[in-house]
Amino acid sequence: MEHCPNTKNVFRPIFILGDSFAESDYFREQTLRFAQIVSFLIDSLNQPNEIVQRLHAMGEKHLNYSHRGFKPIFFDLFLETLEFALSGHIPSLTNMDDKQRQDAMEAWRKLGLFTTVHVKRGYVSGLMKDYYQQTANFDDWVKKRPEFHPWNES
Ligand code: HEM
């Protein structure tokens with residue numbers, strides 16, 4: 001957050017709650033939602049079409065968060081964060097041998113990349129619809145999509 005203060009508004013309730021955020025209903029809801037998505041992905045590994053459709057719809061929904069400062073680059077940051085979390089967690093799993101840890105790392109990496117690719121596709125296709133449906137000029141459009149203003153930080 002100190003590197004990118006504009007992200008404060010993206011999950012505003014967490015920012016307002018400060019250090020006690022982990023105890024809040026809002027944070028619990030977000031973590032539950034995240035766990036449900038991961039569980040859906042794992043349960044549906046053999047139905048990639050279904051996964052892609054759901055991820056596409058999820059990605060498109062993120063267009064609604066433009067005004068909170070959501071930017072599509074955050075999807076890539078999510079992937080970097082996942083890599084960080086995996087390299088911290090998987091080596092500490094003592095119930096696996098080296099080969100299993102390596103396989104686990106590879107499997108989570110693939111799932112993370114697949115997820116990110118398809119939420120981004122959903123986001124971009126929503127953005128295209130939005131752009132072509134509007135009749136206004138760029139100045140008007142970018143007021144609705146501040147994340148695409150070429151030089152404003154907001
Ligand atoms: C890459 C995988 C991601 C997936 C699969 C995902 C999925 C979702 C889903 C399913 C919702 C709930 C939409 C609804 O039905 O209301 C949501 C909400 C949201 N997501 Fe994501 N998301 C992802 C990444 C991100 C990232 C990287 C950010 C920002 C750093 C983000 C920001 C948000 C915000 C701000 C909300 C609204 C939360 C609220 O209700 O206050 N998402 N996301």
# chains A, B, ... in the order shown; residues from 1 in each chain; ligands from 1
$ residues_near_ligand --ligand "ligand 1" --cutoff "10 Å" --atoms "only C-alpha atoms and all ligand atoms" --output "PyMOL selection string"
chain A and resi 7-14+26-27+29-30+33-34+36-38+41+54-82+112-120
$ residues_around --residues "A:Asp103" --least-positions-apart "6" --cutoff "12 Å" --atoms "only C-alpha atoms" --output "ChimeraX atom specification"
/A:86,90-91,96-97,109-110
$ write_last_selection --atoms "N, CA and C atoms" --output "PDB file, in the first residue's frame"
ATOM      1  N   LEU A  86       3.435 -18.971  -2.805  1.00  0.00           N
ATOM      2  CA  LEU A  86       3.797 -20.375  -3.047  1.00  0.00           C
ATOM      3  C   LEU A  86       5.234 -20.650  -2.633  1.00  0.00           C
ATOM      4  N   ILE A  90       5.065 -23.638   0.049  1.00  0.00           N
ATOM      5  CA  ILE A  90       5.272 -25.028  -0.397  1.00  0.00           C
ATOM      6  C   ILE A  90       6.571 -25.656   0.145  1.00  0.00           C
ATOM      7  N   PRO A  91       7.706 -24.935   0.151  1.00  0.00           N
ATOM      8  CA  PRO A  91       8.928 -25.563   0.695  1.00  0.00           C
ATOM      9  C   PRO A  91       8.782 -25.968   2.164  1.00  0.00           C
ATOM     10  N   MET A  96       5.611 -33.851   2.256  1.00  0.00           N
ATOM     11  CA  MET A  96       5.853 -34.149   0.837  1.00  0.00           C
ATOM     12  C   MET A  96       7.357 -34.287   0.602  1.00  0.00           C
ATOM     13  N   ASP A  97       7.743 -35.068  -0.438  1.00  0.00           N
ATOM     14  CA  ASP A  97       9.162 -35.093  -0.792  1.00  0.00           C
ATOM     15  C   ASP A  97       9.428 -33.985  -1.822  1.00  0.00           C
ATOM     16  N   ARG A 109       0.997 -22.953  -9.967  1.00  0.00           N
ATOM     17  CA  ARG A 109       1.409 -21.925 -10.937  1.00  0.00           C
ATOM     18  C   ARG A 109       0.520 -21.957 -12.172  1.00  0.00           C
ATOM     19  N   LYS A 110       0.287 -23.188 -12.675  1.00  0.00           N
ATOM     20  CA  LYS A 110      -0.532 -23.328 -13.894  1.00  0.00           C
ATOM     21  C   LYS A 110      -1.941 -22.825 -13.632  1.00  0.00           C
TER      22      LYS A 110
END
$ closest_residue --among "A:Gln102, A:Leu111, A:Asp25, A:Ser92" --to "A:Phe40" --atoms "only C-alpha atoms"
A:Leu111
$ residues_around --residues "A:Val142" --least-positions-apart "6" --cutoff "12 Å" --atoms "only C-alpha atoms" --output "PyMOL selection string"
chain A and resi 66-67+127+130-131+134+136+148-152+154
$ write_last_selection --atoms "C-alpha atoms" --output "compact mmCIF listing (two decimals), in the first residue's frame"
# COMPACT_ATOMS: atom_id res chain seq x y z
CA SER A 66 -13.09 1.39 -11.80
CA HIS A 67 -14.20 4.15 -9.51
CA LEU A 127 -14.09 -3.04 -21.73
CA ASP A 130 -18.26 -0.60 -23.06
CA TYR A 131 -15.98 1.34 -25.40
CA GLN A 134 -20.53 4.62 -25.94
CA ALA A 136 -19.18 10.09 -26.28
CA PHE A 148 -7.27 4.52 -18.50
CA HIS A 149 -6.49 8.19 -18.24
CA PRO A 150 -3.01 8.44 -19.74
CA TRP A 151 -1.51 10.76 -17.14
CA ASN A 152 -3.88 11.25 -14.20
CA SER A 154 -6.34 8.66 -9.84
